[in-house]
Amino acid sequence: MKDLDFYYWPTPNGWKVSILLEELGIPYQLHLLNIGKGEQFAPEFLAISPNNRMPAIVEHLEDGRTIPVFESGAIMWHLAERHGRFMPTDPVGRKE
């Protein structure tokens, strides 16, 4: 089973997150949502990303809970912190 669902369409923001996922080596299940067809407005996706923003992830925790995160910057911040990579831990480093 994959630890993470990745809702994606090949846009610059989607590419950023896909590159980070590969760099982190996180197993994920890719879900292509065709934004040209309006698939980001489906009720199932809106439950993950209420403002219909792509990309989005749903992280599956060991205790059965899930963490949905949407928009590329928020996803990248979340993943970097969760996996302890690509994000400084000191306040000045984080600001920079």
# chains A, B, ... in the order shown; residues from 1 in each chain; ligands from 1
$ residues_around --residues "range 51-59 of chain A" --least-positions-apart "5" --cutoff "6 Å" --atoms "only C-alpha atoms" --output "list in words"
Leu4, Asp5, Phe6, Tyr7, Tyr8, Gly14, Gln40, Phe41, Leu46, Thr66, Ile67, Pro68, Val69, Phe70 and Glu71 of chain A
$ closest_residue --among "A:Thr11, A:Val17, A:Asp3, A:Tyr28" --to "Met76 in chain A" --atoms "only C-alpha atoms"
A:Val17
$ closest_residue --among "A:Glu23, A:Asp63, A:Glu39, A:Glu44" --to "Arg85 in chain A" --atoms "only C-alpha atoms"
A:Glu23
$ closest_residue --among "A:Ser49, A:Ser72, A:Asn34, A:Gln29" --to "Pro12 in chain A" --atoms "only C-alpha atoms"
A:Ser72
$ select_by_dssp --residues "range 33-68 of chain A" --states "strand (DSSP E)" --output "number ranges by chain"
A: 56-60, 66-68
$ select_by_dssp --residues "chain A" --states "alpha helix (DSSP H)" --output "MDAnalysis selection string"
chainID A and resid 12:24 43:46 72:83 91:95
